[in-house]
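Visitor: Below is the file query.cif, with mmCIF, C-alpha atoms and all ligand atoms.
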data_query
#
loop_
_atom_site.label_atom_id
_atom_site.label_comp_id
_atom_site.auth_asym_id
_atom_site.auth_seq_id
_atom_site.Cartn_x
_atom_site.Cartn_y
_atom_site.Cartn_z
CA MET A 1 22.41 12.62 16.47
CA ASN A 2 24.10 15.60 14.88
CA ALA A 3 22.59 17.54 11.98
CA GLN A 4 24.87 16.02 9.38
CA SER A 5 24.19 12.40 10.24
CA SER A 6 20.42 13.03 10.40
CA VAL A 7 20.64 14.11 6.77
CA THR A 8 22.74 11.20 5.62
CA THR A 9 21.24 8.42 7.73
CA ALA A 10 18.20 6.62 6.42
CA ALA A 11 15.48 6.03 9.02
CA ILE A 12 15.04 2.40 7.97
CA GLU A 13 17.40 0.21 5.97
CA ILE A 14 16.33 -3.26 4.96
CA ARG A 15 19.09 -5.35 3.39
CA GLY A 16 18.69 -8.81 1.87
CA LEU A 17 15.84 -9.59 4.23
CA CYS A 18 14.38 -13.12 4.06
CA LYS A 19 11.89 -14.96 6.22
CA ARG A 20 11.30 -18.67 5.81
CA PHE A 21 8.69 -20.76 7.57
CA GLY A 22 9.96 -24.29 7.05
CA ARG A 23 10.45 -24.62 3.29
CA PHE A 24 8.13 -21.74 2.51
CA THR A 25 9.70 -18.33 1.84
CA ALA A 26 7.32 -15.59 3.02
CA VAL A 27 9.74 -12.67 2.52
CA ASN A 28 12.35 -13.05 -0.19
CA ASN A 29 15.47 -10.86 -0.44
CA VAL A 30 13.86 -7.48 0.31
CA ASN A 31 16.06 -4.39 -0.04
CA ILE A 32 14.50 -1.04 0.83
CA VAL A 33 15.94 2.23 2.15
CA VAL A 34 13.36 4.54 3.75
CA PRO A 35 14.32 8.20 4.22
CA LYS A 36 13.59 9.93 7.51
CA GLY A 37 10.03 11.27 7.72
CA ALA A 38 8.82 9.16 4.78
CA PHE A 39 5.45 7.46 4.66
CA LEU A 40 6.13 4.04 3.13
CA VAL A 41 3.11 2.00 2.11
CA LEU A 42 3.49 -1.75 1.59
CA VAL A 43 0.87 -3.08 -0.82
CA GLY A 44 0.24 -6.43 -2.42
CA PRO A 45 -2.26 -9.25 -2.55
CA SER A 46 -3.22 -11.36 0.44
CA GLY A 47 -0.38 -13.64 1.57
CA CYS A 48 2.40 -11.71 -0.22
CA GLY A 49 4.33 -11.15 3.03
CA LYS A 50 3.30 -7.63 4.13
CA SER A 51 2.53 -8.49 7.75
CA THR A 52 5.57 -10.75 8.03
CA LEU A 53 7.81 -7.90 6.85
CA LEU A 54 6.16 -5.44 9.26
CA ARG A 55 6.45 -7.89 12.17
CA MET A 56 10.17 -8.18 11.48
CA LEU A 57 10.44 -4.38 11.56
CA ALA A 58 8.59 -4.38 14.88
CA GLY A 59 10.92 -7.02 16.31
CA LEU A 60 8.13 -9.56 16.83
CA GLU A 61 9.77 -11.90 14.35
CA GLY A 62 13.45 -12.51 13.61
CA PRO A 63 14.67 -12.69 10.00
CA SER A 64 16.07 -15.90 8.47
CA GLU A 65 18.60 -13.79 6.58
CA GLY A 66 19.46 -10.13 6.12
CA GLU A 67 19.45 -7.03 8.26
CA ILE A 68 17.22 -4.26 9.54
CA ARG A 69 18.70 -0.95 10.71
CA PHE A 70 16.88 1.98 12.28
CA MET A 71 18.78 5.30 12.16
CA GLY A 72 21.94 3.38 11.34
CA ARG A 73 21.61 1.03 14.34
CA THR A 74 21.23 -2.69 13.68
CA MET A 75 17.89 -3.93 15.01
CA SER A 76 17.78 -7.41 13.51
CA SER A 77 20.37 -9.51 11.80
CA GLY A 78 19.79 -12.90 10.18
CA ALA A 79 23.05 -14.18 11.54
CA GLY A 80 22.28 -13.38 15.17
CA GLY A 81 18.47 -13.46 15.22
CA VAL A 82 16.64 -10.53 16.79
CA ILE A 83 19.12 -8.07 18.30
CA ALA A 84 16.91 -5.35 19.74
CA ASP A 85 13.63 -6.68 21.14
CA ALA A 86 10.29 -5.03 20.38
CA GLY A 87 10.38 -2.75 23.41
CA ALA A 88 13.84 -1.37 22.64
CA ARG A 89 13.25 -0.25 19.04
CA ASP A 90 11.71 3.19 19.45
CA ALA A 91 8.95 1.91 17.13
CA GLY A 92 5.20 1.75 17.75
CA LEU A 93 2.92 -0.80 16.11
CA VAL A 94 -0.81 -0.45 15.39
CA PHE A 95 -2.58 -3.66 14.40
CA GLN A 96 -5.80 -4.25 12.55
CA SER A 97 -7.25 -5.71 15.75
CA TYR A 98 -6.38 -2.97 18.21
CA ALA A 99 -6.65 -4.86 21.50
CA LEU A 100 -7.40 -2.26 24.16
CA TRP A 101 -7.34 -3.34 27.81
CA PRO A 102 -11.05 -3.63 28.70
CA HIS A 103 -10.58 -2.90 32.41
CA MET A 104 -8.76 0.40 31.74
CA THR A 105 -10.33 3.68 30.68
CA VAL A 106 -9.30 5.38 27.44
CA ALA A 107 -6.86 7.60 29.36
CA GLN A 108 -5.44 4.65 31.32
CA ASN A 109 -4.94 2.67 28.12
CA ILE A 110 -2.97 5.54 26.63
CA GLU A 111 -0.98 6.09 29.82
CA PHE A 112 -0.01 2.43 30.19
CA PRO A 113 3.01 2.35 27.83
CA LEU A 114 4.31 5.52 29.54
CA LYS A 115 4.14 3.77 32.91
CA VAL A 116 6.02 0.82 31.46
CA ALA A 117 8.65 3.25 30.17
CA ARG A 118 8.79 4.84 33.68
CA TRP A 119 7.80 8.34 32.68
CA PRO A 120 7.26 10.54 35.79
CA ARG A 121 3.61 11.08 36.78
CA GLN A 122 3.43 14.75 35.76
CA ARG A 123 4.88 14.17 32.27
CA ARG A 124 2.57 11.20 31.78
CA ALA A 125 -0.48 13.32 32.53
CA GLU A 126 0.66 16.05 30.16
CA ARG A 127 1.40 13.62 27.35
CA VAL A 128 -1.91 11.77 27.75
CA ALA A 129 -3.79 15.09 27.54
CA GLU A 130 -1.76 15.99 24.45
CA VAL A 131 -2.50 12.81 22.46
CA LEU A 132 -6.16 12.85 23.56
CA ARG A 133 -6.35 16.28 21.92
CA LEU A 134 -4.40 15.14 18.85
CA LEU A 135 -6.87 12.29 18.22
CA ASP A 136 -9.89 14.39 19.25
CA ILE A 137 -11.00 11.98 21.99
CA THR A 138 -10.55 14.16 25.10
CA ALA A 139 -14.26 13.82 25.91
CA LEU A 140 -13.91 10.03 26.06
CA ALA A 141 -10.96 9.95 28.50
CA GLY A 142 -12.93 8.43 31.39
CA ARG A 143 -14.85 5.82 29.39
CA TYR A 144 -14.08 2.12 29.06
CA PRO A 145 -13.47 0.50 25.63
CA ALA A 146 -16.88 -1.22 25.76
CA GLU A 147 -18.52 2.22 26.05
CA ILE A 148 -17.07 3.73 22.85
CA SER A 149 -17.54 3.03 19.13
CA GLY A 150 -15.23 1.01 16.90
CA GLY A 151 -13.82 4.16 15.31
CA GLN A 152 -13.20 5.69 18.76
CA GLN A 153 -11.46 2.48 19.85
CA GLN A 154 -9.28 2.77 16.78
CA ARG A 155 -8.34 6.32 17.72
CA THR A 156 -7.57 5.24 21.25
CA ALA A 157 -5.28 2.47 19.98
CA ILE A 158 -3.47 4.95 17.74
CA ALA A 159 -3.18 7.43 20.64
CA ARG A 160 -1.69 4.68 22.81
CA THR A 161 0.91 3.92 20.15
CA LEU A 162 1.79 7.60 19.66
CA ALA A 163 2.04 8.40 23.38
CA PRO A 164 5.68 7.33 23.92
CA GLN A 165 6.71 9.37 20.84
CA PRO A 166 8.27 6.58 18.80
CA SER A 167 10.38 7.78 15.89
CA ILE A 168 9.07 4.93 13.72
CA LEU A 169 5.37 4.10 13.38
CA LEU A 170 4.27 0.75 11.99
CA PHE A 171 0.68 0.18 10.89
CA ASP A 172 -0.85 -3.12 9.78
CA GLU A 173 -4.16 -2.41 8.02
CA PRO A 174 -5.30 -0.18 10.89
CA LEU A 175 -8.43 1.05 9.10
CA SER A 176 -9.81 -2.17 7.69
CA ASN A 177 -12.43 -2.58 10.44
CA LEU A 178 -13.97 0.81 9.74
CA ASP A 179 -16.81 1.74 7.39
CA ALA A 180 -15.99 3.53 4.14
CA LYS A 181 -16.70 7.06 5.39
CA LEU A 182 -14.78 6.65 8.63
CA ARG A 183 -11.86 5.18 6.70
CA VAL A 184 -11.57 8.30 4.59
CA GLU A 185 -11.73 10.50 7.69
CA MET A 186 -9.15 8.45 9.58
CA ARG A 187 -6.89 8.44 6.53
CA ALA A 188 -6.81 12.23 6.61
CA GLU A 189 -6.33 12.09 10.38
CA LEU A 190 -3.35 9.75 10.10
CA MET A 191 -1.75 11.98 7.48
CA ARG A 192 -2.18 14.97 9.79
CA ILE A 193 -0.61 13.03 12.66
CA HIS A 194 2.23 11.92 10.42
CA ARG A 195 3.00 15.54 9.56
CA ALA A 196 2.63 16.66 13.18
CA THR A 197 4.94 14.00 14.63
CA GLY A 198 7.48 13.79 11.79
CA ALA A 199 7.81 10.06 12.53
CA THR A 200 8.83 7.72 9.74
CA SER A 201 5.86 5.49 8.99
CA VAL A 202 5.45 2.07 7.40
CA TYR A 203 1.86 1.30 6.57
CA VAL A 204 0.49 -2.01 5.32
CA THR A 205 -2.68 -2.13 3.26
CA HIS A 206 -4.11 -4.03 0.35
CA ASP A 207 -6.29 -1.04 -0.49
CA GLN A 208 -4.44 0.60 -3.35
CA VAL A 209 -6.44 3.85 -3.11
CA GLU A 210 -5.20 4.16 0.47
CA ALA A 211 -1.70 3.46 -0.80
CA MET A 212 -1.82 6.10 -3.51
CA THR A 213 -3.31 8.85 -1.34
CA MET A 214 -1.12 8.39 1.73
CA ALA A 215 2.27 7.29 0.50
CA SER A 216 5.45 9.24 -0.11
CA HIS A 217 6.91 5.87 -1.16
CA VAL A 218 5.23 2.62 -2.18
CA ALA A 219 6.64 -0.89 -2.23
CA VAL A 220 4.57 -3.39 -4.21
CA LEU A 221 5.08 -6.91 -2.87
CA ASN A 222 4.34 -10.11 -4.75
CA GLU A 223 5.12 -13.55 -3.35
CA GLY A 224 7.54 -12.13 -0.80
CA ARG A 225 9.50 -10.03 -3.29
CA VAL A 226 9.48 -6.31 -3.93
CA GLU A 227 8.23 -5.87 -7.50
CA GLN A 228 8.87 -2.13 -7.46
CA PHE A 229 9.70 0.60 -4.94
CA GLY A 230 9.38 4.35 -5.43
CA PRO A 231 7.10 7.37 -5.21
CA PRO A 232 3.46 6.47 -6.03
CA ILE A 233 3.33 8.61 -9.17
CA GLU A 234 6.43 6.92 -10.58
CA LEU A 235 4.91 3.47 -10.03
CA LEU A 236 1.68 4.58 -11.69
CA ARG A 237 3.39 6.20 -14.66
CA HIS A 238 6.27 3.81 -15.14
CA PRO A 239 5.34 0.35 -13.90
CA GLN A 240 8.29 -1.98 -14.40
CA THR A 241 6.29 -5.21 -14.42
CA THR A 242 2.85 -6.33 -15.58
CA PHE A 243 2.08 -7.13 -11.95
CA VAL A 244 2.59 -3.51 -10.87
CA ALA A 245 0.80 -2.20 -13.98
CA THR A 246 -2.35 -4.15 -13.22
CA PHE A 247 -2.22 -3.97 -9.42
CA LEU A 248 -2.11 -0.17 -9.14
CA GLY A 249 -4.44 2.36 -10.70
CA THR A 250 -8.21 2.83 -10.56
CA PRO A 251 -9.58 1.65 -12.91
CA PRO A 252 -6.74 -0.78 -13.60
CA ALA A 253 -4.75 -0.53 -16.81
CA ASN A 254 -5.44 -2.95 -19.68
CA LEU A 255 -2.81 -5.41 -20.83
CA LEU A 256 -3.48 -6.67 -24.33
CA PRO A 257 -1.71 -9.92 -25.27
CA VAL A 258 -0.49 -9.59 -28.86
CA VAL A 259 1.51 -11.72 -31.28
CA ARG A 260 3.62 -10.66 -34.23
CA ARG A 261 2.08 -11.28 -37.62
CA GLY A 262 4.17 -9.89 -40.46
CA ALA A 263 4.78 -6.21 -39.76
CA SER A 264 2.02 -5.98 -37.13
CA LEU A 265 1.18 -6.96 -33.59
CA VAL A 266 -2.29 -8.51 -33.59
CA LEU A 267 -4.91 -9.35 -30.99
CA GLY A 268 -7.17 -11.96 -32.58
CA ASP A 269 -7.56 -10.62 -36.11
CA VAL A 270 -7.10 -6.98 -35.23
CA SER A 271 -3.83 -5.28 -36.03
CA ILE A 272 -3.03 -3.07 -33.04
CA ALA A 273 0.46 -1.68 -33.48
CA PRO A 274 3.51 -2.00 -35.71
CA ALA A 275 5.70 -4.97 -34.82
CA SER A 276 8.63 -2.63 -34.14
CA VAL A 277 6.89 -1.51 -30.93
CA ALA A 278 7.83 -4.87 -29.38
CA GLY A 279 11.39 -4.92 -30.70
CA GLU A 280 12.46 -8.48 -31.44
CA LEU A 281 9.66 -10.10 -29.47
CA THR A 282 7.16 -12.34 -31.23
CA GLU A 283 4.73 -12.08 -28.33
CA ALA A 284 4.11 -9.16 -25.97
CA ARG A 285 1.68 -7.42 -23.63
CA LEU A 286 0.66 -3.89 -24.58
CA LEU A 287 -0.49 -1.52 -21.86
CA TYR A 288 -3.42 0.75 -22.67
CA ARG A 289 -4.82 3.05 -19.97
CA PRO A 290 -8.62 3.04 -19.59
CA GLN A 291 -8.65 6.61 -20.95
CA GLN A 292 -7.06 5.22 -24.15
CA VAL A 293 -9.99 2.87 -24.73
CA ALA A 294 -12.94 4.67 -26.33
CA ILE A 295 -16.40 3.11 -26.42
CA GLY A 296 -17.57 2.84 -30.04
CA ARG A 297 -15.81 3.04 -33.39
CA VAL A 298 -13.19 5.75 -33.95
CA ASP A 299 -12.11 6.01 -37.57
CA GLY A 300 -8.48 5.25 -38.26
CA ARG A 301 -7.97 3.50 -34.91
CA PRO A 302 -7.78 -0.24 -34.13
CA VAL A 303 -11.27 -1.46 -33.24
CA LEU A 304 -11.81 -4.46 -30.97
CA PRO A 305 -15.13 -6.31 -31.14
CA ALA A 306 -16.34 -6.88 -27.58
CA ARG A 307 -19.36 -7.70 -25.42
CA PHE A 308 -20.61 -5.35 -22.72
CA ALA A 309 -20.01 -6.56 -19.15
CA GLU A 310 -20.59 -3.72 -16.69
CA ALA A 311 -20.67 0.05 -16.27
CA ALA A 312 -19.85 2.27 -13.28
CA PRO A 313 -20.58 6.03 -13.38
CA ILE A 314 -17.67 8.11 -12.04
CA ALA A 315 -17.55 11.90 -11.94
CA GLY A 316 -19.64 12.55 -15.06
CA GLN A 317 -18.08 9.73 -17.07
CA THR A 318 -18.70 6.01 -17.17
CA MET A 319 -16.14 3.29 -16.62
CA VAL A 320 -17.16 0.58 -19.05
CA THR A 321 -15.86 -2.98 -18.83
CA ALA A 322 -16.31 -5.29 -21.80
CA MET A 323 -15.10 -8.75 -22.76
CA VAL A 324 -12.84 -9.15 -25.76
CA GLY A 325 -13.02 -12.94 -25.98
CA ASP A 326 -12.23 -13.84 -22.38
CA LEU A 327 -10.11 -10.73 -21.78
CA ARG A 328 -11.61 -7.97 -19.61
CA VAL A 329 -10.96 -4.54 -21.08
CA THR A 330 -11.92 -1.29 -19.35
CA GLY A 331 -12.58 1.97 -21.16
CA ILE A 332 -14.10 5.35 -20.43
CA ALA A 333 -17.31 6.68 -22.02
CA ASP A 334 -18.21 10.34 -21.87
CA GLY A 335 -21.38 10.98 -19.90
CA TYR A 336 -23.72 8.19 -18.89
CA PHE A 337 -23.51 4.83 -20.65
CA THR A 338 -25.18 1.49 -20.19
CA ALA A 339 -26.13 -1.60 -22.22
CA GLU A 340 -27.53 -5.09 -21.78
CA PRO A 341 -24.98 -7.56 -20.44
CA GLY A 342 -23.52 -9.46 -23.41
CA ALA A 343 -24.58 -6.82 -25.97
CA PRO A 344 -22.04 -6.33 -28.79
CA LEU A 345 -19.83 -3.28 -28.41
CA GLU A 346 -16.84 -1.82 -30.24
CA LEU A 347 -13.77 -0.55 -28.42
CA SER A 348 -11.29 1.77 -30.13
CA LEU A 349 -7.68 2.09 -29.01
CA ILE A 350 -6.44 5.66 -28.88
CA GLY A 351 -2.74 6.49 -29.20
CA ASP A 352 0.31 4.27 -28.80
CA PRO A 353 0.55 1.70 -26.03
CA ASP A 354 1.74 3.34 -22.83
CA ALA A 355 4.21 0.53 -22.17
CA VAL A 356 5.27 -2.80 -23.66
CA PHE A 357 6.01 -5.90 -21.60
CA ALA A 358 7.55 -9.25 -22.43
CA THR A 359 5.52 -12.35 -21.62
CA ASN A 360 7.65 -12.90 -18.49
CA GLY A 361 6.13 -9.67 -17.12
CA GLU A 362 9.16 -7.41 -17.51
CA ARG A 363 8.90 -4.03 -19.14
CA LEU A 364 10.72 -3.41 -22.39
CA ALA A 365 13.21 -0.56 -22.16
CA ARG A 366 12.37 2.21 -24.63
N1 LIG B 401 4.02 -18.29 11.45
C1 LIG B 401 3.86 -18.72 10.19
N2 LIG B 401 4.09 -20.00 9.84
C2 LIG B 401 3.95 -20.42 8.57
N3 LIG B 401 3.58 -19.64 7.54
C3 LIG B 401 3.32 -18.35 7.83
C4 LIG B 401 3.44 -17.83 9.15
N4 LIG B 401 3.13 -16.51 9.12
C5 LIG B 401 2.83 -16.24 7.83
N5 LIG B 401 2.94 -17.33 7.05
C6 LIG B 401 2.72 -17.40 5.60
O1 LIG B 401 3.51 -16.41 4.98
C7 LIG B 401 2.82 -15.80 3.92
C8 LIG B 401 2.77 -14.30 4.12
O2 LIG B 401 1.91 -14.02 5.21
P1 LIG B 401 1.58 -12.54 5.65
O3 LIG B 401 0.74 -12.60 6.87
O4 LIG B 401 2.84 -11.78 5.74
O5 LIG B 401 0.73 -12.03 4.40
P2 LIG B 401 0.03 -10.61 4.16
O6 LIG B 401 0.67 -10.03 2.93
O7 LIG B 401 0.06 -9.81 5.40
O8 LIG B 401 -1.46 -11.04 3.78
P3 LIG B 401 -2.88 -10.36 4.18
O9 LIG B 401 -3.09 -9.25 3.19
O10 LIG B 401 -3.85 -11.48 3.94
O11 LIG B 401 -2.81 -9.91 5.59
C9 LIG B 401 1.45 -16.46 3.87
O12 LIG B 401 1.44 -17.44 2.87
C10 LIG B 401 1.29 -17.05 5.24
O13 LIG B 401 0.47 -18.19 5.19
MG MG B 402 -1.42 -9.15 6.74
#
Could you render the structure from this file as C-alpha cells?
Ligand SMILES: Nc1ncnc2c1ncn2[C@@H]1O[C@H](COP(=O)(O)OP(=O)(O)OP(=O)(O)O)[C@@H](O)[C@H]1O
Ligand SMILES: [Mg+2]
Guide:
Amino acid sequence: MNAQSSVTTAAIEIRGLCKRFGRFTAVNNVNIVVPKGAFLVLVGPSGCGKSTLLRMLAGLEGPSEGEIRFMGRTMSSGAGGVIADAGARDAGLVFQSYALWPHMTVAQNIEFPLKVARWPRQRRAERVAEVLRLLDITALAGRYPAEISGGQQQRTAIARTLAPQPSILLFDEPLSNLDAKLRVEMRAELMRIHRATGATSVYVTHDQVEAMTMASHVAVLNEGRVEQFGPPIELLRHPQTTFVATFLGTPPANLLPVVRRGASLVLGDVSIAPASVAGELTEARLLYRPQQVAIGRVDGRPVLPARFAEAAPIAGQTMVTAMVGDLRVTGIADGYFTAEPGAPLELSLIGDPDAVFATNGERLAR
C-alpha cells in the first residue's frame, strides 16, 4: 500500500451490516468507519450484539446484509456471504475463554499459528522469543497450560494471537476471567501492546470503565443498533440519547422526568427549570450530572425531598444515592457522609440541566 492510500483508507469499514437469526435481528444496520491504528471499544448491555458483530469481523459468521472491508478490501458481503474466510483476513481474535492447547507448551502454543502460516523455522523461533518478551512470559516458555496461572494463560493466548502480526486485533471480553487487580494490569499491558504493534483493535466489553480508559473510539450498542459512535470524551460530554447518557459515566448521570406546568418544568411538586428549557415539549428528561446534585439544602436552588439509599466513599468525597419517590438519584457529598437507609434527605440541583431529552430518548438540539 502506498503512503497516500494508507492515509485515505480506513482500516475497517462496516456498511449497513445486519445479522438475523431466524426472525430475530441481532445486529441491525450498523455503519462504522474505523481509522487505521484506532482502538475501537464496543460496549452495551448483555445480548446487544457485541459478540455477533465481532464474530462477523473475524469471519466466523457471515452477515445477512451489508459489507465489511479491511483496508479497502471486501471481507464479507451480505449478498455473497463470507468472502474471505477467518484465516485469510489478517485479523487475530482473542476470546474470553482462551482455549490453549493443553498438550503444547507455552512456546509451542505461540508458535503453532506460525507453523500453520508456513513461516520458516528460524523466523518462527525469533518471533516466538519476541512475543514472549512483549508479554513478559519468557520464563514460562517450557511450561504447559496446566502449570501456569489464569493470568499467565491469558497472556499466552494474547501472545499466540499477536505472533503472526495481524494488522487487525479483535478482542471479546479478554479480561473478564481475571481478578480486579490483574484486569487493571492487563489493561495497561494491552494498551502498551496496541501502541507497540500499531494494529487497529476492536475490543468488546460491557465494563464501561474499561471502555473509557482504553478507547480512542467507542460504539455504544443497544438491541443491535449503534446508539452513538465517537471518541469517549464526546460520548460522555454530549450523549445523543438517554441510553448513552445513563450507560456511560461513573457514577451514572441522573435523568429527571419532568412535565410542563405553566411556565415551569416540575418533578412532583418541585419546579426545576423554566419550561423554555424543553422547547415545545410538555414532557422531558433533564440530565443532571452527579456533581450537580448537592446533598442538603442550597438556598435559591430546586430542592428534592428524598430518602437515603446508599453511600460509597470515593477519593475524599462520597457518592450518595437517594430515592426521590421511586427514582434513584446520585449526588456527591464533600468528605465522608452516611445515614440510615430510608432516612429523609434533601437534594439540591446546582446549575442548568446538562442536556434535555424527549421522552423517546432523543436529545434536544440546543
Ligand atoms: N447463533 C445464534 N442463534 C440465535 N440467536 C443468537 C445466536 N447468536 C447470538 N444470538 C442472539 O443474538 C443476540 C446478541 O448476542 P451476542 O452474543 O452478540 O450478545 P453480546 O452483546 O455479546 O452479549 P454478552 O455481553 O452477554 O456477551 C442475543 O440475543 C443472542 O441470544
Ligand atoms: Mg458477548
Visitor: Which residues of chain A come within 7 Å of ligand LIG 401 (chain B), and what is each one's closest atom pair and distance in Å (one decimal), counting only C-alpha atoms and all ligand atoms, sorted by chain and residue number, as JSON lines?
Guide:
{"residue": "A:Phe21", "atom": "CA", "partner": "B:LIG401", "partner_atom": "C2", "distance": 4.9}
{"residue": "A:Ala26", "atom": "CA", "partner": "B:LIG401", "partner_atom": "O1", "distance": 4.4}
{"residue": "A:Gly44", "atom": "CA", "partner": "B:LIG401", "partner_atom": "O6", "distance": 6.5}
{"residue": "A:Pro45", "atom": "CA", "partner": "B:LIG401", "partner_atom": "O9", "distance": 5.8}
{"residue": "A:Ser46", "atom": "CA", "partner": "B:LIG401", "partner_atom": "O9", "distance": 3.5}
{"residue": "A:Gly47", "atom": "CA", "partner": "B:LIG401", "partner_atom": "O5", "distance": 3.4}
{"residue": "A:Cys48", "atom": "CA", "partner": "B:LIG401", "partner_atom": "O6", "distance": 4.0}
{"residue": "A:Gly49", "atom": "CA", "partner": "B:LIG401", "partner_atom": "O4", "distance": 3.2}
{"residue": "A:Lys50", "atom": "CA", "partner": "B:LIG401", "partner_atom": "O6", "distance": 3.8}
{"residue": "A:Ser51", "atom": "CA", "partner": "B:LIG401", "partner_atom": "O7", "distance": 3.7}
{"residue": "A:Thr52", "atom": "CA", "partner": "B:LIG401", "partner_atom": "O4", "distance": 3.7}
{"residue": "A:Leu53", "atom": "CA", "partner": "B:LIG401", "partner_atom": "O4", "distance": 6.4}
{"residue": "A:His206", "atom": "CA", "partner": "B:LIG401", "partner_atom": "O9", "distance": 6.0}
Visitor: Show which residues sit within 12 Å of Ser149 (chain A), as a list in words. Count only C-alpha atoms, and ignore same-chain residues fewer than 2 positions away.
Guide: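 In the requested form, the answer reads Val106, Ile137, Leu140, Arg143, Tyr144, Pro145, Ala146, Glu147, Gly151, Gln152, Gln153, Gln154, Arg155, Thr156, Asn177, Leu178, Asp179 and Leu182 of chain A.
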Visitor: Give as a PDB file with C-alpha atoms, in the coordinates of the input the set of residues within 9 Å of the point (0.7, 3.2, 26.3), where distances use the file's coordinates and only C-alpha atoms.
Guide:
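Full text of out.pdb as output:
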ATOM      1  CA  GLN A 108      -5.440   4.650  31.320  1.00  0.00           C
ATOM      2  CA  ASN A 109      -4.940   2.670  28.120  1.00  0.00           C
ATOM      3  CA  ILE A 110      -2.970   5.540  26.630  1.00  0.00           C
ATOM      4  CA  GLU A 111      -0.980   6.090  29.820  1.00  0.00           C
ATOM      5  CA  PHE A 112      -0.010   2.430  30.190  1.00  0.00           C
ATOM      6  CA  PRO A 113       3.010   2.350  27.830  1.00  0.00           C
ATOM      7  CA  LEU A 114       4.310   5.520  29.540  1.00  0.00           C
ATOM      8  CA  LYS A 115       4.140   3.770  32.910  1.00  0.00           C
ATOM      9  CA  VAL A 116       6.020   0.820  31.460  1.00  0.00           C
ATOM     10  CA  ALA A 117       8.650   3.250  30.170  1.00  0.00           C
ATOM     11  CA  ALA A 157      -5.280   2.470  19.980  1.00  0.00           C
ATOM     12  CA  ALA A 159      -3.180   7.430  20.640  1.00  0.00           C
ATOM     13  CA  ARG A 160      -1.690   4.680  22.810  1.00  0.00           C
ATOM     14  CA  THR A 161       0.910   3.920  20.150  1.00  0.00           C
ATOM     15  CA  LEU A 162       1.790   7.600  19.660  1.00  0.00           C
ATOM     16  CA  ALA A 163       2.040   8.400  23.380  1.00  0.00           C
ATOM     17  CA  PRO A 164       5.680   7.330  23.920  1.00  0.00           C
TER      18      PRO A 164
END
Visitor: Any idea what's packed within 10 Å of region 185-192 of chain A, counting only C-alpha atoms, ignoring anything in its chain fewer than 5 positions away? Could you give it as a list of chain:residue names?
Guide: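 Selected residues are A:Phe39, A:Leu134, A:Leu135, A:Asp136, A:Gly151, A:Gln154, A:Arg155, A:Ile158, A:Pro174, A:Leu175, A:Leu178, A:Ala180, A:Thr197, A:Gly198, A:Glu210, A:Thr213, A:Met214, A:Ala215.
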Visitor: Any chance you could export the current selection's C-alpha atoms as an mmCIF file, keeping the file's coordinate frame?
Guide:
data_model
loop_
_atom_site.group_PDB
_atom_site.id
_atom_site.type_symbol
_atom_site.label_atom_id
_atom_site.label_comp_id
_atom_site.auth_asym_id
_atom_site.auth_seq_id
_atom_site.Cartn_x
_atom_site.Cartn_y
_atom_site.Cartn_z
ATOM 1 C CA PHE A 39 5.450 7.460 4.660
ATOM 2 C CA LEU A 134 -4.400 15.140 18.850
ATOM 3 C CA LEU A 135 -6.870 12.290 18.220
ATOM 4 C CA ASP A 136 -9.890 14.390 19.250
ATOM 5 C CA GLY A 151 -13.820 4.160 15.310
ATOM 6 C CA GLN A 154 -9.280 2.770 16.780
ATOM 7 C CA ARG A 155 -8.340 6.320 17.720
ATOM 8 C CA ILE A 158 -3.470 4.950 17.740
ATOM 9 C CA PRO A 174 -5.300 -0.180 10.890
ATOM 10 C CA LEU A 175 -8.430 1.050 9.100
ATOM 11 C CA LEU A 178 -13.970 0.810 9.740
ATOM 12 C CA ALA A 180 -15.990 3.530 4.140
ATOM 13 C CA THR A 197 4.940 14.000 14.630
ATOM 14 C CA GLY A 198 7.480 13.790 11.790
ATOM 15 C CA GLU A 210 -5.200 4.160 0.470
ATOM 16 C CA THR A 213 -3.310 8.850 -1.340
ATOM 17 C CA MET A 214 -1.120 8.390 1.730
ATOM 18 C CA ALA A 215 2.270 7.290 0.500
#
Visitor: Measuring atom to atom with only C-alpha atoms, identify which of A:Gly37, A:Val30, A:Val209, A:Gln291 is nearest to Glu65 (chain A).
Guide: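 Counting only C-alpha atoms, the residue closest to Glu65 (chain A) is A:Val30.
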Visitor: Could you work out how far CA of Asp334 (chain A) lies from CA of Glu234 (chain A), giving the answer in Å with one decimal?
Guide: 27.3 Å
Visitor: Which one of A:Thr330, A:Thr282, A:Thr242, A:Ser176 sits closest to Gly361 (chain A) if you count all atoms listed in the file?
Guide: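 Among the listed residues, the smallest separation from Gly361 (chain A) belongs to A:Thr242.
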Visitor: Taking only C-alpha atoms into account, which of A:Leu100, A:Val226, A:Ala315, A:Ala125 comes nearest Gly150 (chain A)?
Guide: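 The answer is A:Leu100, which sits nearest to Gly150 (chain A).
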Visitor: At what distance in Å, to one decimal, does CA of Gly59 (chain A) lie from CA of Thr74 (chain A)?
Guide: 11.5 Å
Visitor: Between CA of Val266 (chain A) and CA of Gly279 (chain A), what is the distance, to one decimal in Å?
Guide: 14.4 Å
Visitor: Go through A:Arg121, A:Lys19, A:Arg183, A:Arg237 and flag the residue nearest Gly81 (chain A), using all atoms listed in the file for the distances.
Guide: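 So, comparing all the options, the nearest one is A:Lys19.
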Visitor: I need the residue nearest ligand MG 402 (chain B) from this list: A:Val258, A:Ala141, A:Val204, A:Met104. Use all atoms listed in the file for the distance.
Guide: A:Val204
Visitor: Name the closest residue to ligand MG 402 (chain B) among the candidates A:Asn360, A:Thr205, A:Thr25, A:Gln165; distances are taken between atoms, counting all atoms listed in the file.
Guide: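 For ligand MG 402 (chain B), the nearest of the given residues is A:Thr205.
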